[in-house]
file work-v3.cif (mmCIF, C-alpha atoms (C1' of nucleotides))
data_start
loop_
_atom_site.label_atom_id
_atom_site.label_comp_id
_atom_site.auth_asym_id
_atom_site.auth_seq_id
_atom_site.Cartn_x
_atom_site.Cartn_y
_atom_site.Cartn_z
CA MET A 277 -58.54 83.94 42.22
CA GLU A 278 -61.78 82.03 42.31
CA ASP A 279 -62.80 83.12 38.85
CA HIS A 280 -59.38 82.53 37.51
CA GLY A 281 -59.26 79.06 38.85
CA HIS A 282 -62.67 78.38 37.49
CA MET A 283 -61.63 79.65 34.11
CA MET A 284 -58.58 77.43 34.04
CA LEU A 285 -60.59 74.41 34.87
CA GLY A 286 -63.12 75.35 32.27
CA HIS A 287 -60.35 75.35 29.73
CA ILE A 288 -59.95 71.65 29.87
CA GLY A 289 -63.64 71.12 29.87
CA LEU A 290 -64.11 70.33 33.48
CA SER A 291 -66.25 71.91 36.10
CA ARG A 292 -65.31 71.97 39.69
CA GLU A 293 -68.01 69.48 40.33
CA ASP A 294 -66.36 67.13 37.90
CA LEU A 295 -63.06 67.47 39.68
CA GLY A 296 -64.76 67.13 42.96
CA ASP A 297 -65.93 63.70 41.99
CA PRO A 298 -63.19 61.20 42.91
CA ASP A 299 -64.34 58.81 40.23
CA ASN A 300 -63.93 61.38 37.51
CA MET A 301 -60.48 62.33 38.70
CA ARG A 302 -59.43 58.75 38.78
CA LYS A 303 -60.61 58.29 35.24
CA LEU A 304 -58.98 61.50 34.10
CA HIS A 305 -55.54 60.86 35.48
CA ASN A 306 -55.57 57.17 35.09
CA LEU A 307 -54.54 56.81 38.64
CA GLY A 308 -55.03 53.85 40.73
CA GLU A 309 -56.86 54.75 43.86
CA PRO A 310 -55.77 58.13 45.11
CA GLN A 311 -56.14 58.39 48.82
CA GLN A 312 -56.21 62.14 48.47
CA ASP A 313 -58.91 63.91 46.60
CA ILE A 314 -57.46 66.19 43.90
CA GLY A 315 -60.52 68.33 44.12
CA ASN A 316 -59.66 68.83 47.72
CA ILE A 317 -56.16 69.91 46.80
CA LEU A 318 -57.47 72.41 44.33
CA GLN A 319 -59.85 73.69 46.91
CA GLN A 320 -56.94 74.25 49.25
CA ILE A 321 -55.04 76.13 46.54
CA MET A 322 -58.00 78.32 45.80
CA THR A 323 -58.58 79.31 49.37
CA ILE A 324 -54.98 79.73 50.35
CA THR A 325 -55.13 83.49 50.10
CA GLU A 326 -57.91 83.66 52.60
CA GLU A 327 -55.72 82.21 55.26
CA SER A 328 -53.32 84.04 57.48
CA LEU A 329 -49.71 84.34 56.45
CA ASP A 330 -48.40 81.61 58.68
CA GLU A 331 -51.21 79.27 57.79
CA ALA A 332 -50.68 79.94 54.12
CA GLN A 333 -46.95 79.29 54.50
CA ALA A 334 -47.60 75.99 56.15
CA ARG A 335 -50.24 75.10 53.60
CA LYS A 336 -47.87 75.92 50.74
CA HIS A 337 -45.21 73.71 52.21
CA ALA A 338 -47.66 70.90 52.64
CA LEU A 339 -48.94 71.21 49.10
CA ASN A 340 -45.39 71.43 47.83
CA CYS A 341 -44.50 68.14 49.35
CA HIS A 342 -47.58 66.46 48.05
CA ARG A 343 -46.82 63.59 45.70
CA MET A 344 -49.31 64.85 43.14
CA LYS A 345 -47.63 68.20 42.99
CA PRO A 346 -45.40 67.71 39.87
CA ALA A 347 -48.27 66.39 37.79
CA LEU A 348 -50.64 69.08 38.90
CA PHE A 349 -48.01 71.72 38.33
CA SER A 350 -47.35 70.69 34.76
CA VAL A 351 -51.07 70.58 34.04
CA LEU A 352 -51.53 74.06 35.41
CA CYS A 353 -48.55 75.29 33.37
CA GLU A 354 -50.08 73.82 30.27
CA ILE A 355 -53.41 75.45 30.93
CA LYS A 356 -51.74 78.76 31.54
CA GLU A 357 -49.71 78.35 28.38
CA ARG A 358 -52.91 77.99 26.38
CA SER A 359 -54.63 80.87 28.06
CA ALA A 360 -54.38 84.45 26.96
CA LEU A 361 -51.92 85.21 29.74
CA SER A 362 -49.04 83.66 27.88
CA LEU A 363 -49.94 85.09 24.51
CA ARG A 364 -48.47 88.43 25.42
CA GLY A 365 -44.91 89.09 24.38
CA VAL A 366 -45.01 86.75 21.41
CA GLN A 367 -45.61 89.52 18.92
CA GLU A 368 -42.37 91.30 19.71
CA GLU A 369 -40.18 89.00 17.74
CA ASP A 370 -38.35 91.46 15.54
CA GLY A 371 -34.74 91.16 14.57
CA PRO A 372 -32.05 93.76 15.28
CA ASP A 373 -33.56 97.21 15.61
CA PRO A 374 -32.63 99.36 12.56
CA GLN A 375 -32.30 102.37 14.81
CA ILE A 376 -29.79 100.55 17.00
CA MET A 377 -27.98 99.34 13.91
CA ARG A 378 -27.68 102.89 12.65
CA LEU A 379 -26.31 104.15 15.95
CA ASP A 380 -23.93 101.22 16.21
CA ASN A 381 -22.61 101.86 12.74
CA MET A 382 -22.08 105.51 13.49
CA LEU A 383 -20.30 104.83 16.77
CA LEU A 384 -18.13 102.32 14.98
CA ALA A 385 -17.34 104.78 12.21
CA GLU A 386 -16.42 107.49 14.71
CA GLY A 387 -14.13 105.12 16.58
CA VAL A 388 -16.14 105.10 19.79
CA THR A 389 -16.77 101.39 19.59
CA GLY A 390 -14.67 98.81 17.83
CA LEU A 391 -11.06 98.04 18.54
CA GLU A 392 -9.63 100.09 21.37
CA ARG A 393 -6.66 102.07 20.20
CA GLY A 394 -5.06 102.10 23.57
CA GLY A 395 -5.85 104.23 26.57
CA ASP A 396 -3.17 106.74 25.57
CA SER A 397 -4.68 107.69 22.26
CA ALA A 398 -3.12 111.12 22.59
CA ALA A 399 0.33 109.58 22.41
CA ALA A 400 -0.74 107.54 19.42
CA ALA A 401 -2.01 110.68 17.77
CA THR A 402 1.25 112.54 18.26
CA VAL A 403 3.12 109.61 16.80
CA ALA A 404 0.80 109.62 13.83
CA VAL A 405 1.28 113.34 13.39
CA THR A 406 5.05 113.33 13.58
CA ALA A 407 5.10 110.52 11.07
CA GLY A 408 2.58 112.34 8.94
CA VAL A 409 3.11 114.07 5.64
CA SER A 410 3.48 117.70 6.50
CA PRO A 411 4.66 119.12 9.81
CA ASN A 412 3.37 122.53 8.83
CA ASP A 413 0.38 124.21 10.43
CA GLY A 414 -0.92 123.95 13.97
CA SER A 415 -3.61 121.48 13.05
CA SER A 416 -1.68 118.69 14.74
CA LEU A 417 -2.35 120.27 18.09
CA GLU A 418 -6.05 120.51 17.39
CA HIS A 419 -5.96 116.98 16.15
CA THR A 420 -4.54 115.63 19.37
CA GLU A 421 -7.05 117.63 21.33
CA TYR A 422 -9.82 116.13 19.24
CA ARG A 423 -8.46 112.64 19.85
CA GLU A 424 -8.29 113.31 23.55
CA LYS A 425 -11.88 114.43 23.72
CA LEU A 426 -12.99 111.51 21.62
CA ALA A 427 -11.13 109.15 23.92
CA HIS A 428 -12.91 110.73 26.85
CA ILE A 429 -16.28 110.19 25.21
CA ARG A 430 -15.29 106.63 24.43
CA HIS A 431 -14.28 106.03 28.02
CA MET A 432 -17.54 107.45 29.34
CA TYR A 433 -19.51 105.39 26.87
CA HIS A 434 -17.82 102.15 27.82
CA THR A 435 -18.08 102.66 31.57
CA GLU A 436 -21.74 103.55 31.24
CA LEU A 437 -22.36 100.59 28.99
CA GLU A 438 -20.63 98.31 31.44
CA LYS A 439 -22.76 99.66 34.25
CA TYR A 440 -25.91 99.05 32.25
CA GLU A 441 -24.88 95.54 31.36
CA GLN A 442 -24.03 94.75 34.94
CA ALA A 443 -27.34 96.13 36.10
CA CYS A 444 -29.09 94.14 33.42
CA THR A 445 -27.53 90.83 34.41
CA GLU A 446 -28.09 91.57 38.07
CA PHE A 447 -31.71 92.39 37.50
CA THR A 448 -32.20 89.39 35.22
CA ASP A 449 -30.66 87.08 37.79
CA HIS A 450 -32.83 88.55 40.47
CA VAL A 451 -36.01 88.15 38.46
CA MET A 452 -35.07 84.65 37.41
CA ASN A 453 -34.41 83.63 40.97
CA LEU A 454 -37.66 85.19 42.03
CA LEU A 455 -39.58 83.37 39.32
CA ARG A 456 -37.86 80.08 40.07
CA GLU A 457 -38.75 80.57 43.69
CA GLN A 458 -42.31 81.39 42.76
CA SER A 459 -42.51 78.49 40.37
CA ARG A 460 -42.52 76.22 43.37
CA THR A 461 -45.87 77.55 44.45
CA ARG A 462 -47.52 78.83 41.30
CA PRO A 463 -47.47 77.70 37.69
CA VAL A 464 -44.51 79.47 36.14
CA SER A 465 -43.07 77.51 33.28
CA PRO A 466 -39.42 77.77 32.20
CA LYS A 467 -40.66 79.16 28.93
CA GLU A 468 -42.31 81.98 30.76
CA ILE A 469 -39.10 82.76 32.60
CA GLU A 470 -37.31 82.80 29.29
CA ARG A 471 -39.83 85.25 27.92
CA MET A 472 -39.47 87.46 30.94
CA VAL A 473 -35.71 87.52 30.41
CA GLY A 474 -36.33 88.57 26.84
CA ILE A 475 -38.57 91.41 27.96
CA ILE A 476 -35.98 92.60 30.46
CA HIS A 477 -33.28 92.54 27.83
CA ARG A 478 -35.41 94.54 25.45
CA LYS A 479 -36.05 97.13 28.12
CA PHE A 480 -32.39 97.43 28.91
CA SER A 481 -31.42 97.64 25.29
CA SER A 482 -33.83 100.52 24.85
CA ILE A 483 -32.02 102.24 27.69
CA GLN A 484 -28.75 101.43 25.98
CA MET A 485 -30.10 103.04 22.86
CA GLN A 486 -30.51 106.27 24.73
CA LEU A 487 -26.89 106.05 25.81
CA LYS A 488 -25.83 105.43 22.24
CA GLN A 489 -27.99 108.30 21.05
CA SER A 490 -26.47 110.78 23.46
CA THR A 491 -22.97 109.51 22.69
CA CYS A 492 -23.62 110.05 19.01
CA GLU A 493 -24.77 113.57 19.75
CA ALA A 494 -21.66 114.26 21.78
CA VAL A 495 -19.45 113.02 18.98
CA MET A 496 -21.32 115.14 16.46
CA ILE A 497 -20.87 118.22 18.61
CA LEU A 498 -17.19 117.41 19.01
CA ARG A 499 -16.83 116.98 15.28
CA SER A 500 -18.49 120.27 14.51
CA ARG A 501 -16.37 121.91 17.18
CA PHE A 502 -13.05 120.65 15.83
CA LEU A 503 -13.48 119.54 12.30
CA ASP A 504 -15.49 122.49 11.08
CA ALA A 505 -13.17 124.20 8.61
CA ARG A 506 -14.37 127.60 9.69
CA ARG A 507 -12.70 127.13 13.03
CA LYS A 508 -9.26 126.62 11.60
CA ARG A 509 -9.49 129.24 8.91
CA ARG A 510 -6.26 130.75 7.69
CA ASN A 511 -6.15 133.82 5.55
CA PHE A 512 -4.72 133.33 2.11
CA SER A 513 -1.27 134.65 1.48
CA LYS A 514 -0.86 138.16 0.16
CA GLN A 515 0.42 136.70 -3.06
CA ALA A 516 -2.70 134.56 -3.50
CA ALA A 517 -4.93 137.50 -2.69
CA ASP A 518 -3.12 139.51 -5.34
CA VAL A 519 -3.67 136.84 -7.97
CA LEU A 520 -7.36 136.51 -7.14
CA ASN A 521 -7.93 140.25 -6.98
CA GLU A 522 -6.15 140.74 -10.24
CA TYR A 523 -8.41 138.28 -11.97
CA PHE A 524 -11.50 139.74 -10.31
CA TYR A 525 -10.80 143.32 -11.29
CA THR A 526 -9.60 142.57 -14.78
CA HIS A 527 -12.80 140.59 -15.34
CA LEU A 528 -15.02 142.99 -13.48
CA ALA A 529 -17.56 143.00 -16.29
CA ASN A 530 -18.06 139.28 -15.77
CA PRO A 531 -16.24 138.04 -12.67
CA TYR A 532 -17.30 134.44 -13.08
CA PRO A 533 -14.21 132.37 -13.82
CA SER A 534 -14.77 129.22 -15.82
CA GLU A 535 -13.90 125.85 -14.38
CA GLU A 536 -10.55 125.93 -16.16
CA ALA A 537 -9.83 129.45 -14.97
CA LYS A 538 -10.69 128.43 -11.42
CA GLU A 539 -8.34 125.49 -11.65
CA GLU A 540 -5.56 127.70 -12.88
CA LEU A 541 -6.16 130.25 -10.16
CA ALA A 542 -6.25 127.49 -7.59
CA LYS A 543 -2.90 126.20 -8.81
CA LYS A 544 -1.38 129.68 -8.83
CA CYS A 545 -2.56 130.38 -5.29
CA SER A 546 -1.98 126.85 -4.03
CA ILE A 547 -5.55 126.60 -2.77
CA THR A 548 -8.41 124.37 -3.83
CA VAL A 549 -10.89 125.07 -6.61
CA SER A 550 -13.73 125.33 -4.13
CA GLN A 551 -11.73 127.88 -2.17
CA VAL A 552 -11.42 129.89 -5.37
CA ALA A 553 -15.17 129.59 -5.86
CA ASN A 554 -15.76 130.67 -2.26
CA TRP A 555 -13.46 133.58 -2.71
CA PHE A 556 -15.22 134.77 -5.84
CA GLY A 557 -18.61 134.29 -4.23
CA ASN A 558 -17.60 136.38 -1.24
CA LYS A 559 -15.83 138.91 -3.40
CA ARG A 560 -18.73 139.49 -5.75
CA ILE A 561 -21.23 140.04 -2.99
CA ARG A 562 -18.93 142.17 -0.88
CA TYR A 563 -17.85 144.19 -3.81
CA LYS A 564 -21.41 144.81 -4.72
CA LYS A 565 -22.24 145.73 -1.16
CA ASN A 566 -19.55 148.26 -0.87
CA VAL A 567 -18.21 149.38 -4.18
CA ALA A 568 -17.12 152.71 -2.85
CA LYS A 569 -14.81 151.21 -0.27
CA LEU A 570 -13.26 148.95 -2.83
CA HIS A 571 -12.87 151.69 -5.34
CA ASP A 572 -9.25 152.38 -4.52
CA GLU A 573 -8.49 148.71 -4.53
CA ALA A 574 -9.99 148.43 -7.99
CA ASN A 575 -7.72 151.14 -9.23
CA LEU A 576 -4.80 149.46 -7.62
CA TYR A 577 -5.32 146.27 -9.58
CA THR A 578 -6.67 147.58 -12.88
CA ARG A 579 -5.18 151.09 -13.06
CA MET A 580 -8.44 152.14 -14.63
CA PRO A 581 -9.42 155.82 -14.72
CA ALA A 582 -11.32 156.64 -11.56
CA ALA A 583 -14.17 158.35 -13.42
CA SER A 584 -15.46 155.13 -14.97
CA VAL A 585 -16.52 153.60 -11.66
CA SER A 586 -17.07 156.57 -9.44
CA SER A 587 -20.59 157.18 -10.66
CA GLU A 588 -21.53 153.57 -10.02
CA ALA A 589 -19.91 153.71 -6.65
CA SER A 590 -21.97 156.68 -5.58
CA GLN A 591 -25.09 154.87 -6.76
CA ALA A 592 -24.22 151.82 -4.74
CA ASN A 593 -23.77 153.87 -1.64
CA SER A 594 -27.06 155.63 -1.97
CA PRO A 595 -29.59 154.18 0.44
CA VAL A 596 -32.50 154.29 -2.00
CA THR A 597 -34.08 151.30 -3.75
CA PRO A 598 -31.56 148.56 -3.22
CA LYS A 599 -33.53 145.94 -5.11
CA SER A 600 -35.99 147.66 -7.38
CA GLY A 601 -35.31 150.10 -10.14
CA GLY A 602 -32.43 148.40 -11.83
CA CYS A 603 -28.99 147.21 -10.84
CA PRO A 604 -27.47 149.78 -8.51
CA ALA A 605 -23.79 149.17 -8.22
CA PRO A 606 -21.70 146.62 -10.02
CA CYS A 607 -20.11 146.83 -13.40
CA TYR A 608 -21.08 143.28 -14.23
CA THR A 609 -24.55 141.94 -14.70
CA PRO A 610 -25.58 138.74 -12.95
CA ASP A 611 -27.02 137.28 -16.12
CA GLY A 612 -23.56 137.29 -17.65
CA SER A 613 -24.32 139.57 -20.58
"C1'" DC B 172 -10.39 144.65 23.19
"C1'" DA B 173 -13.88 146.04 19.69
"C1'" DA B 174 -14.44 146.49 14.94
"C1'" DA B 175 -13.30 145.18 10.47
"C1'" DA B 176 -11.86 141.75 7.37
"C1'" DT B 177 -12.08 137.24 5.72
"C1'" DG B 178 -12.76 132.35 4.53
"C1'" DA B 179 -16.35 128.93 4.97
"C1'" DT B 180 -20.99 127.22 5.52
"C1'" DT B 181 -25.95 127.22 5.10
"C1'" DC B 182 -30.19 128.43 3.09
"C1'" DT B 183 -33.07 129.82 -0.72
"C1'" DG B 184 -34.43 130.43 -5.38
"C1'" DC B 185 -33.84 129.38 -9.99
"C1'" DG C 55 -25.68 122.65 -9.49
"C1'" DC C 56 -24.80 127.38 -9.14
"C1'" DA C 57 -25.32 132.20 -7.53
"C1'" DG C 58 -26.74 135.32 -4.05
"C1'" DA C 59 -27.57 136.33 0.56
"C1'" DA C 60 -27.12 135.71 5.35
"C1'" DT C 61 -24.48 134.05 8.84
"C1'" DC C 62 -20.71 131.89 11.46
"C1'" DA C 63 -16.13 131.67 13.40
"C1'" DT C 64 -11.80 133.09 13.15
"C1'" DT C 65 -7.98 136.38 12.11
"C1'" DT C 66 -6.32 140.92 11.54
"C1'" DT C 67 -6.28 145.65 12.54
"C1'" DG C 68 -6.56 150.05 14.86
#

call {"tool": "encode", "arguments": {"input": "work-v3.cif", "output": "structure tokens"}}
result
Amino acid sequence: MEDHGHMMLGHIGLSREDLGDPDNMRKLHNLGEPQQDIGNILQQIMTITEESLDEAQARKHALNCHRMKPALFSVLCEIKERSALSLRGVQEEDGPDPQIMRLDNMLLAEGVTGLERGGDSAAAATVAVTAGVSPNDGSSLEHTEYREKLAHIRHMYHTELEKYEQACTEFTDHVMNLLREQSRTRPVSPKEIERMVGIIHRKFSSIQMQLKQSTCEAVMILRSRFLDARRKRRNFSKQAADVLNEYFYTHLANPYPSEEAKEELAKKCSITVSQVANWFGNKRIRYKKNVAKLHDEANLYTRMPAASVSSEASQANSPVTPKSGGCPAPCYTPDGS
DNA sequence: CAAAATGATTCTGC
DNA sequence: GCAGAATCATTTTG
């Protein structure tokens, strides 16, 4: 306290001795003839902590009512403003955090934030489904379930956010009141209060970011749980399987359909081109893995003489040298020759 | 209900 | 970007 006070006085180029001199003070503040010695006041402020609580309380009140108080207060605020104490917090003047922006955008895209589509989103979903294009598969049920879960996440997010915001304003109010209260006895400028509010808001927004982060994670998990195509897999129809198998076994020497061929197969089987590609990818590797098991199937679709593949099949089943020593099983060669 | 089959995804190497 | 391989998640089968 002593050193601090001394430092502050030193800032404006005065020693305590200078202040202690009534003539100097009079010159400095251009006052008429102060009955009270300002040096004396400062001395009282400096030693206030050495007094007992009651004494200090009384002293504070007395000083507070002193007619020089406003002037002295503003001077002290100014000194503090110039000192290193108030330099902190200035550097954190960045705009909207890119991380927060990213999370906000994602939450908006997933429908967690943004316009509320009613508390009964499940009902809205069923309406959308019944009005939808095809009333075929059971995906509508999954869809409503997804909407329900998403609505739940949204509800949680908003209640949590509300709690945080309430806590933030409460805490800010509390701190502001405290600082205003304190500003009656120690130099706390409005600017400083403003800065403190900024710091509090930053802290709370970093907490909010954690909420947003975990909400994003929850939505991602939900998405992977419901929107992952693997989870709503349907086997192709027998007819489609026949078409695909027929192509595969009649092109066994080179079972790599061109883009056009894939498109045609896709149309024939009423599936997508990528599904055709998936099918051929799976088929090639599984055929290769187990030629013997598929032997009968091959005959079924190509009506080829069994002798032509049986030797290869037995090779494929043999446990020796799966990778070295030449191609073990398939009729085709991966290089397309 | 466990195993097999199957469609889709992910990872790696080219 | 594609093919192969491994793997996942679901459906079908015995």

call {"tool": "resolve_selection", "arguments": {"input": "work-v3.cif", "expression": "the PyMOL selection byres ((chain A) within 12 of (chain B))", "output": "PyMOL selection string"}}
result
chain A and resi 500+504-513+517+547+550-559+562

call {"tool": "interface_residues", "arguments": {"input": "work-v3.cif", "of": "chain C", "to": "chain A", "cutoff": "9 Å", "atoms": "all atoms listed in the file", "output": "PyMOL selection string"}}
result
chain C and resi 57-59+62-65

call {"tool": "atom_distance", "arguments": {"input": "work-v3.cif", "atom1": "atom CA of Tyr532 of chain A", "atom2": "atom CA of Val519 of chain A"}}
result
14.8 Å

call {"tool": "atom_distance", "arguments": {"input": "work-v3.cif", "atom1": "atom CA of Ile476 of chain A", "atom2": "atom CA of Cys444 of chain A"}}
result
7.7 Å

call {"tool": "atom_distance", "arguments": {"input": "work-v3.cif", "atom1": "atom CA of Ile475 of chain A", "atom2": "atom CA of Thr445 of chain A"}}
result
12.8 Å

call {"tool": "resolve_selection", "arguments": {"input": "work-v3.cif", "expression": "the PyMOL selection byres ((chain A and resi 467) around 12)", "output": "PyMOL selection string"}}
result
chain A and resi 353-354+356-357+362-363+365-366+452+455-456+459+463-466+468-474

call {"tool": "resolve_selection", "arguments": {"input": "work-v3.cif", "expression": "the PyMOL selection byres ((chain A and resi 537) around 12)", "output": "PyMOL selection string"}}
result
chain A and resi 519-520+523-524+527+531-536+538-544+549+552-553+556

call {"tool": "closest_residue", "arguments": {"input": "work-v3.cif", "among": "A:Thr325, A:Gln319, A:Asn521, A:Gln484", "to": "Ala443 of chain A", "atoms": "all atoms listed in the file"}}
result
A:Gln484

call {"tool": "build_atoms", "arguments": {"input": "work-v3.cif", "residues": "segment 442-457 of chain A", "atoms": "N, CA and C atoms", "output": "CSV table (one decimal), keeping the file's coordinate frame"}}
result
chain,number,residue,atom,x,y,z
A,442,GLN,N,-24.1,95.4,33.6
A,442,GLN,CA,-24.0,94.8,34.9
A,442,GLN,C,-25.4,94.8,35.6
A,443,ALA,N,-26.0,96.0,35.5
A,443,ALA,CA,-27.3,96.1,36.1
A,443,ALA,C,-28.3,95.2,35.4
A,444,CYS,N,-28.2,95.0,34.1
A,444,CYS,CA,-29.1,94.1,33.4
A,444,CYS,C,-28.9,92.7,33.9
A,445,THR,N,-27.7,92.2,34.0
A,445,THR,CA,-27.5,90.8,34.4
A,445,THR,C,-28.0,90.7,35.9
A,446,GLU,N,-27.7,91.7,36.7
A,446,GLU,CA,-28.1,91.6,38.1
A,446,GLU,C,-29.6,91.5,38.2
A,447,PHE,N,-30.3,92.3,37.4
A,447,PHE,CA,-31.7,92.4,37.5
A,447,PHE,C,-32.3,91.1,36.9
A,448,THR,N,-31.7,90.6,35.8
A,448,THR,CA,-32.2,89.4,35.2
A,448,THR,C,-32.0,88.2,36.2
A,449,ASP,N,-30.9,88.2,36.8
A,449,ASP,CA,-30.7,87.1,37.8
A,449,ASP,C,-31.7,87.1,38.9
A,450,HIS,N,-31.9,88.4,39.4
A,450,HIS,CA,-32.8,88.6,40.5
A,450,HIS,C,-34.2,88.1,40.1
A,451,VAL,N,-34.7,88.5,38.9
A,451,VAL,CA,-36.0,88.2,38.5
A,451,VAL,C,-36.1,86.7,38.2
A,452,MET,N,-35.0,86.1,37.7
A,452,MET,CA,-35.1,84.6,37.4
A,452,MET,C,-35.1,83.9,38.7
A,453,ASN,N,-34.4,84.3,39.7
A,453,ASN,CA,-34.4,83.6,41.0
A,453,ASN,C,-35.8,83.7,41.6
A,454,LEU,N,-36.3,85.0,41.5
A,454,LEU,CA,-37.7,85.2,42.0
A,454,LEU,C,-38.7,84.3,41.4
A,455,LEU,N,-38.6,84.2,40.0
A,455,LEU,CA,-39.6,83.4,39.3
A,455,LEU,C,-39.4,81.9,39.6
A,456,ARG,N,-38.1,81.5,39.7
A,456,ARG,CA,-37.9,80.1,40.1
A,456,ARG,C,-38.4,79.8,41.5
A,457,GLU,N,-38.2,80.7,42.3
A,457,GLU,CA,-38.8,80.6,43.7
A,457,GLU,C,-40.3,80.4,43.6
